[in-house]
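Dropping query.csv in here (CSV, C-alpha atoms):
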chain,number,residue,atom,x,y,z
A,1,ALA,CA,108.7,87.3,110.9
A,2,ALA,CA,105.5,87.5,108.9
A,3,LEU,CA,107.2,89.2,106.0
A,4,SER,CA,110.3,87.0,106.1
A,5,ASP,CA,108.2,83.8,106.2
A,6,THR,CA,106.2,84.9,103.2
A,7,PHE,CA,109.3,86.0,101.4
A,8,ALA,CA,111.0,82.7,102.0
A,9,ALA,CA,108.1,80.9,100.4
A,10,LEU,CA,108.0,83.0,97.2
A,11,PRO,CA,109.9,82.1,93.9
A,12,LYS,CA,113.0,84.3,93.4
A,13,ASN,CA,115.4,85.2,90.7
A,14,GLN,CA,119.1,84.5,90.6
A,15,ARG,CA,120.0,87.3,93.0
A,16,GLY,CA,117.4,86.0,95.6
A,17,ALA,CA,114.9,88.8,94.9
A,18,VAL,CA,111.2,88.6,94.1
A,19,GLY,CA,109.4,90.2,91.2
A,20,ALA,CA,106.7,92.9,91.3
A,21,ALA,CA,103.7,90.5,91.6
A,22,SER,CA,105.3,88.5,94.4
A,23,ALA,CA,106.4,91.7,96.2
A,24,ARG,CA,102.8,93.0,96.1
A,25,TYR,CA,101.6,89.7,97.5
A,26,ALA,CA,104.2,89.7,100.3
A,27,VAL,CA,103.5,93.2,101.4
A,28,HIS,CA,99.8,92.6,101.1
A,29,ARG,CA,100.0,89.5,103.3
A,30,TYR,CA,102.2,91.3,105.8
A,31,PHE,CA,99.7,94.1,106.4
A,32,MET,CA,96.8,91.6,106.5
A,33,GLN,CA,98.5,89.5,109.1
A,34,ARG,CA,100.0,92.2,111.2
A,35,HIS,CA,97.2,94.8,111.1
A,36,GLY,CA,94.3,93.4,109.2
A,37,TRP,CA,94.8,96.1,106.6
A,38,GLN,CA,93.8,96.0,102.9
A,39,ILE,CA,96.0,98.5,101.2
A,40,GLN,CA,94.5,100.1,98.1
A,41,GLY,CA,96.9,99.5,95.2
A,42,LEU,CA,98.3,96.3,96.7
A,43,ALA,CA,95.3,94.0,96.9
A,44,PRO,CA,94.7,91.7,94.0
A,45,GLN,CA,92.7,92.9,91.0
A,46,GLY,CA,90.8,90.5,88.8
A,47,GLU,CA,92.3,87.1,88.5
A,48,SER,CA,96.0,87.8,89.3
A,49,TRP,CA,98.4,89.9,91.1
A,50,SER,CA,99.5,93.0,89.2
A,51,SER,CA,102.9,93.0,87.7
A,52,SER,CA,103.4,96.7,88.3
A,53,SER,CA,105.7,97.8,91.2
A,54,PRO,CA,104.2,97.6,94.7
A,55,ALA,CA,105.8,101.1,95.3
A,56,LEU,CA,103.0,102.5,93.1
A,57,ALA,CA,100.7,102.1,96.2
A,58,LEU,CA,102.6,105.1,97.5
A,59,GLU,CA,102.0,107.2,94.4
A,60,ASP,CA,101.1,110.9,95.2
A,61,ARG,CA,101.9,110.4,98.9
A,62,VAL,CA,105.7,110.1,99.0
A,63,PRO,CA,108.5,112.0,97.1
A,64,GLY,CA,109.0,111.0,93.5
A,65,ASP,CA,112.6,110.2,93.9
A,66,PHE,CA,111.7,107.5,96.5
A,67,LEU,CA,109.3,106.0,94.0
A,68,SER,CA,111.8,106.1,91.1
A,69,VAL,CA,114.4,104.2,93.2
A,70,PHE,CA,112.0,101.4,93.9
A,71,GLU,CA,110.6,101.4,90.4
A,72,GLU,CA,114.2,101.0,89.0
A,73,ARG,CA,115.1,98.3,91.5
A,74,VAL,CA,111.9,96.2,90.9
A,75,GLY,CA,112.3,96.5,87.1
A,76,ALA,CA,116.0,95.7,86.9
A,77,HIS,CA,116.6,93.3,89.8
A,78,GLY,CA,113.5,92.7,91.9
A,79,LEU,CA,113.3,93.3,95.6
A,80,ASP,CA,115.3,91.4,98.2
A,81,LEU,CA,114.0,91.0,101.8
A,82,ASN,CA,115.7,94.2,103.1
A,83,GLU,CA,114.3,96.3,100.3
A,84,LEU,CA,110.8,94.8,100.8
A,85,ALA,CA,111.1,95.6,104.5
A,86,VAL,CA,111.9,99.2,103.7
A,87,LEU,CA,108.9,99.5,101.5
A,88,ALA,CA,106.6,97.9,104.1
A,89,ALA,CA,108.0,100.3,106.8
A,90,THR,CA,107.4,103.3,104.6
A,91,LEU,CA,103.8,102.3,104.0
A,92,GLU,CA,103.3,101.5,107.7
A,93,ASN,CA,104.5,105.0,108.8
A,94,MET,CA,102.4,106.7,106.1
A,95,ILE,CA,99.3,104.7,107.2
A,96,HIS,CA,99.8,105.5,110.9
A,97,GLY,CA,99.8,109.2,109.9
A,98,GLU,CA,96.6,108.8,108.0
A,99,ALA,CA,95.0,107.0,111.0
A,100,VAL,CA,95.6,110.1,113.1
A,101,GLY,CA,93.9,112.1,110.4
A,102,ARG,CA,90.9,109.8,110.5
A,103,LEU,CA,90.6,110.1,114.3
A,104,GLU,CA,90.7,113.9,114.0
A,105,ALA,CA,87.9,113.7,111.4
A,106,ILE,CA,85.8,111.7,113.9
A,107,TYR,CA,86.4,114.3,116.6
A,108,ARG,CA,85.1,117.0,114.2
A,109,VAL,CA,82.1,115.0,113.0
A,110,LEU,CA,81.1,114.4,116.7
A,111,GLY,CA,81.5,118.1,117.5
A,112,ARG,CA,84.8,117.8,119.3
A,113,ALA,CA,88.3,119.2,118.7
A,114,PRO,CA,91.6,117.3,119.1
A,115,GLU,CA,92.6,119.8,121.8
A,116,ASP,CA,89.6,118.7,124.0
A,117,SER,CA,90.1,116.3,126.9
A,118,LEU,CA,87.4,113.6,127.2
A,119,GLY,CA,85.8,111.6,129.9
A,120,HIS,CA,86.0,107.9,129.6
A,121,ASP,CA,82.5,107.4,128.2
A,122,GLU,CA,82.9,110.0,125.5
A,123,ALA,CA,86.3,108.6,124.6
A,124,ALA,CA,84.7,105.2,124.3
A,125,GLY,CA,82.1,106.6,121.9
A,126,ILE,CA,84.7,108.1,119.7
A,127,LEU,CA,86.8,104.9,119.7
A,128,ASP,CA,83.7,102.9,118.8
A,129,THR,CA,83.0,105.1,115.8
A,130,TYR,CA,86.7,105.0,114.8
A,131,MET,CA,86.8,101.2,114.7
A,132,GLN,CA,83.4,100.9,113.1
A,133,ALA,CA,84.4,103.1,110.2
A,134,TYR,CA,87.8,101.2,110.1
A,135,VAL,CA,86.3,97.7,109.8
A,136,VAL,CA,83.6,98.6,107.3
A,137,GLY,CA,85.9,100.9,105.2
A,138,TYR,CA,83.9,104.1,105.5
A,139,ASN,CA,85.5,107.5,104.9
A,140,ILE,CA,84.4,109.1,108.1
A,141,SER,CA,85.1,112.7,106.8
A,142,THR,CA,82.3,112.3,104.3
A,143,LEU,CA,79.6,111.3,106.9
A,144,THR,CA,77.2,113.5,108.7
A,145,ARG,CA,76.6,113.1,112.5
A,146,GLU,CA,73.2,111.5,111.7
A,147,GLN,CA,74.9,108.9,109.4
A,148,VAL,CA,77.5,108.2,112.2
A,149,GLY,CA,74.5,107.5,114.5
A,150,THR,CA,73.0,105.1,112.0
A,151,LEU,CA,76.4,103.3,111.8
A,152,ASN,CA,76.6,103.1,115.6
A,153,ARG,CA,73.1,101.5,115.8
A,154,LYS,CA,73.5,99.1,112.9
A,155,ILE,CA,77.1,98.0,113.3
A,156,SER,CA,76.3,94.5,114.6
A,157,GLU,CA,74.2,93.8,111.5
A,158,ILE,CA,76.9,95.2,109.2
A,159,PHE,CA,79.8,93.6,111.1
A,160,PRO,CA,78.7,90.6,113.2
A,161,PRO,CA,82.0,90.2,115.2
A,162,TRP,CA,81.6,93.7,116.5
A,163,PRO,CA,80.9,92.6,120.2
A,164,GLN,CA,84.2,90.9,120.4
A,165,LEU,CA,86.0,93.9,118.8
A,166,LYS,CA,84.2,96.2,121.2
A,167,ASP,CA,85.6,94.1,124.1
A,168,PHE,CA,89.1,94.7,122.6
A,169,LEU,CA,88.4,98.4,122.7
A,170,ARG,CA,87.3,98.5,126.3
A,171,GLU,CA,90.2,96.4,127.5
A,172,ALA,CA,92.7,98.6,125.6
A,173,GLN,CA,91.0,101.7,127.0
A,174,ARG,CA,91.2,100.4,130.5
A,175,GLU,CA,94.9,99.6,130.1
A,176,ALA,CA,95.9,102.9,128.5
A,177,ALA,CA,93.8,105.1,130.7
A,178,LEU,CA,94.8,103.5,134.0
A,179,GLY,CA,95.0,106.4,136.6
A,180,LEU,CA,93.7,109.0,134.1
A,181,SER,CA,90.5,110.9,134.9
A,182,ARG,CA,90.5,112.5,131.4
A,183,LEU,CA,91.9,111.5,128.1
A,184,ALA,CA,93.8,113.7,125.7
A,185,PHE,CA,93.9,113.2,121.9
A,186,ALA,CA,97.2,111.4,122.2
A,187,ASP,CA,95.8,109.0,124.7
A,188,VAL,CA,92.8,108.2,122.4
A,189,ALA,CA,95.1,107.8,119.4
A,190,ARG,CA,97.3,105.4,121.3
A,191,ILE,CA,94.3,103.3,122.2
A,192,ALA,CA,93.1,103.3,118.6
A,193,GLU,CA,96.5,102.2,117.4
A,194,THR,CA,96.7,99.4,120.0
A,195,VAL,CA,93.3,98.1,119.1
A,196,SER,CA,94.2,98.2,115.4
A,197,GLU,CA,97.2,96.0,116.1
A,198,ARG,CA,95.1,93.6,118.1
A,199,TYR,CA,92.4,93.6,115.5
A,200,GLY,CA,95.0,92.4,112.9
A,201,ARG,CA,95.6,89.4,115.0
A,202,PHE,CA,91.9,88.9,115.7
A,203,GLN,CA,91.1,89.1,112.0
A,204,ASP,CA,94.0,86.9,111.1
A,205,ALA,CA,92.4,84.2,113.4
A,206,GLU,CA,89.1,84.8,111.6
A,207,ASP,CA,90.8,84.6,108.2
A,208,CYS,CA,92.5,81.3,109.1
A,209,GLU,CA,89.1,79.8,110.0
A,210,ASP,CA,87.6,81.3,106.8
A,211,ILE,CA,90.4,79.8,104.6
A,212,ARG,CA,90.0,76.4,106.3
A,213,SER,CA,86.2,76.4,105.9
A,214,ARG,CA,86.4,77.4,102.2
A,215,LEU,CA,88.9,74.6,101.5
A,216,VAL,CA,86.8,72.0,103.3
A,217,LYS,CA,83.8,73.0,101.1
A,218,LEU,CA,86.0,72.2,98.1
A,219,GLU,CA,87.4,68.9,99.5
A,220,GLU,CA,87.0,65.8,97.5
A,221,ALA,CA,84.0,63.6,98.4
A,222,SER,CA,86.4,60.9,99.5
A,223,GLY,CA,87.4,63.0,102.5
A,224,THR,CA,91.1,62.9,101.7
A,225,GLY,CA,91.9,66.3,103.2
A,226,ARG,CA,92.8,67.5,99.7
A,227,VAL,CA,91.3,69.7,97.0
A,228,LYS,CA,91.9,69.2,93.3
A,229,LEU,CA,94.1,71.9,92.0
A,230,VAL,CA,91.6,72.6,89.2
A,231,ASP,CA,88.8,73.2,91.8
A,232,PHE,CA,91.2,75.3,93.9
A,233,TYR,CA,91.7,77.7,91.1
A,234,ALA,CA,88.2,77.6,89.7
A,235,SER,CA,86.9,78.7,93.1
A,236,VAL,CA,88.4,82.1,92.6
A,237,MET,CA,85.7,83.0,90.1
A,238,LYS,CA,83.0,80.6,91.3
A,239,HIS,CA,83.1,81.4,95.0
A,240,GLY,CA,85.2,84.6,95.3
A,241,ASN,CA,88.1,82.8,96.9
A,242,TRP,CA,90.6,85.5,95.8
A,243,GLN,CA,93.4,84.2,98.0
A,244,PHE,CA,93.6,80.8,96.2
A,245,ARG,CA,96.0,82.0,93.5
A,246,GLU,CA,99.4,80.6,94.4
A,247,HIS,CA,101.4,79.1,91.5
A,248,PRO,CA,101.8,75.3,91.6
A,249,GLU,CA,105.5,75.7,92.1
A,250,LEU,CA,104.9,78.0,95.1
A,251,LEU,CA,102.4,75.5,96.5
A,252,LYS,CA,105.0,72.8,96.2
A,253,GLN,CA,107.6,74.9,98.1
A,254,MET,CA,105.0,75.5,100.8
A,255,GLY,CA,104.5,71.7,101.1
A,256,ALA,CA,100.9,72.1,100.2
A,257,LEU,CA,100.8,70.4,96.8
A,258,ASP,CA,100.3,66.6,96.4
A,259,ASP,CA,101.4,65.8,92.9
A,260,THR,CA,101.7,62.0,93.4
A,261,ASP,CA,99.3,61.8,90.5
A,262,PRO,CA,100.7,64.4,88.1
A,263,SER,CA,97.5,64.3,86.0
A,264,VAL,CA,95.4,65.4,89.0
A,265,PRO,CA,97.5,67.5,91.4
A,266,ARG,CA,95.8,68.4,94.7
A,267,VAL,CA,96.2,71.0,97.4
A,268,ILE,CA,96.7,69.5,100.9
A,269,ILE,CA,94.3,71.4,103.2
A,270,PRO,CA,96.1,71.3,106.6
A,271,ASN,CA,99.5,72.1,105.0
A,272,TYR,CA,98.0,75.0,103.0
A,273,VAL,CA,96.2,76.4,106.1
A,274,ASN,CA,99.2,76.2,108.4
A,275,THR,CA,101.8,77.8,106.2
A,276,PRO,CA,103.2,80.9,107.9
A,277,SER,CA,102.1,83.1,105.0
A,278,ASN,CA,98.4,82.1,105.6
A,279,CYS,CA,98.1,81.5,109.4

Spell out the structure here as structure tokens.
Amino acid sequence: AALSDTFAALPKNQRGAVGAASARYAVHRYFMQRHGWQIQGLAPQGESWSSSSPALALEDRVPGDFLSVFEERVGAHGLDLNELAVLAATLENMIHGEAVGRLEAIYRVLGRAPEDSLGHDEAAGILDTYMQAYVVGYNISTLTREQVGTLNRKISEIFPPWPQLKDFLREAQREAALGLSRLAFADVARIAETVSERYGRFQDAEDCEDIRSRLVKLEEASGTGRVKLVDFYASVMKHGNWQFREHPELLKQMGALDDTDPSVPRVIIPNYVNTPSNC
């Protein structure tokens, strides 16, 4: 639903397909909403979305013939919803495989092997480290055990919502480990995947509030619930509001553009915040 909602709001060509920049935005939003994932190669760079194919995010990780098919499709026709869904599913499967690799790396750093069964407390420590590295973007395989210890101690300073996320971890562990006295690697991996999914929804709620608060700071002094379009775009550079890049035509399709006064178009705050592609 998240992908189709975003796709429906994007400008399309005559065959109902989206171009490369829109496809990148749609897949990026899908992963942010569903998982809380920032995919390297899909996130915006500079002031605009790249016009190169979103399939390039898969470069060096999938067969070349797969990439060439998507490159050809994007260049010649754009991507329709089904093609976009195939690309998203391929990325999703690839990322799940990489997540297992990260968990294996944490086992090794902490002196454990994937073949080991763990008690509940030890499994909790590994899951904590997995999610801490996940949310701050650390490559756990490059860290020493001492550096992991520092991360464990300082995570609340680095990532203030950590206590809530830790509650997610403990709840998921209790559910997945019900009736188990020891946890195999597959059990821990299942818990990590479950929490990653929940974290996406948790972060999406945080993102919604962040978008709302950023817009309110830009609101006109008259308190109209609107932001001048020029201020909306200027905030990308002034305040780092990278997400405020939608084309005026797209904002209009979203029902978030007030162009009653064509000389001073405005973004309607509640309409923008509550579009399916944002919240």

Using all atoms listed in the file, find the one residue out of A:His28, A:Arg108, A:Arg182, A:Arg212 that sits nearest to A:Thr144. A:Arg108

Counting only C-alpha atoms, which of A:Ala192, A:Leu215, A:Ala113, A:Ala133 gets nearest to A:Ile158?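 Ranked by minimum distance to A:Ile158, first place goes to A:Ala133.
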
When distances are computed from only C-alpha atoms, which of A:Leu110, A:Asp258, A:Val227, A:Arg29 shows the smallest separation from A:Glu146?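 Residue with the minimum atom-to-atom distance to A:Glu146: A:Leu110.
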
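When all atoms listed in the file are used to compute distances to A:Asn274, the closest of the residues A:Asp5, A:Val27, A:Val148, A:Met131 turns out to be A:Asp5.
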
One decimal, Å: what's the distance from atom CA of A:Leu183 over to atom CA of A:Ser117, could you say?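 Rounded to one decimal, the two atoms are 5.3 Å apart.
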
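When all atoms listed in the file are used to compute distances to A:Tyr107, the closest of the residues A:Ala9, A:Ala177, A:Ala189, A:Ile95 turns out to be A:Ala189.
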
Could you tell me which of A:Glu83, A:Glu246, A:Asp231, A:Glu115 comes closest to A:Leu3 if we count only C-alpha atoms?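 Of all the options, A:Glu83 lies closest to A:Leu3.
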
What's the separation between atom CA of A:Ala176 and atom CA of A:Leu103, in Å to one decimal place? 16.8 Å

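Across the structure, atom CA of A:Thr224 and atom CA of A:Val273 are spaced 15.1 Å apart.
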
What box, with edges along x, y and z, holds each listed atom of stretch 245-261 of chain A when 3 Å is added on every side, and can you state its centre and edge lengths in Å to one decimal, as JSON?
{"center_x": 101.8, "center_y": 71.9, "center_z": 95.8, "size_x": 17.6, "size_y": 26.2, "size_z": 16.6}

As a PyMOL selection string, please: the residues near A:Arg226 (cut-off 7 Å, all atoms listed in the file, same-chain neighbours under 6 positions excluded). chain A and resi 219-220+266-269
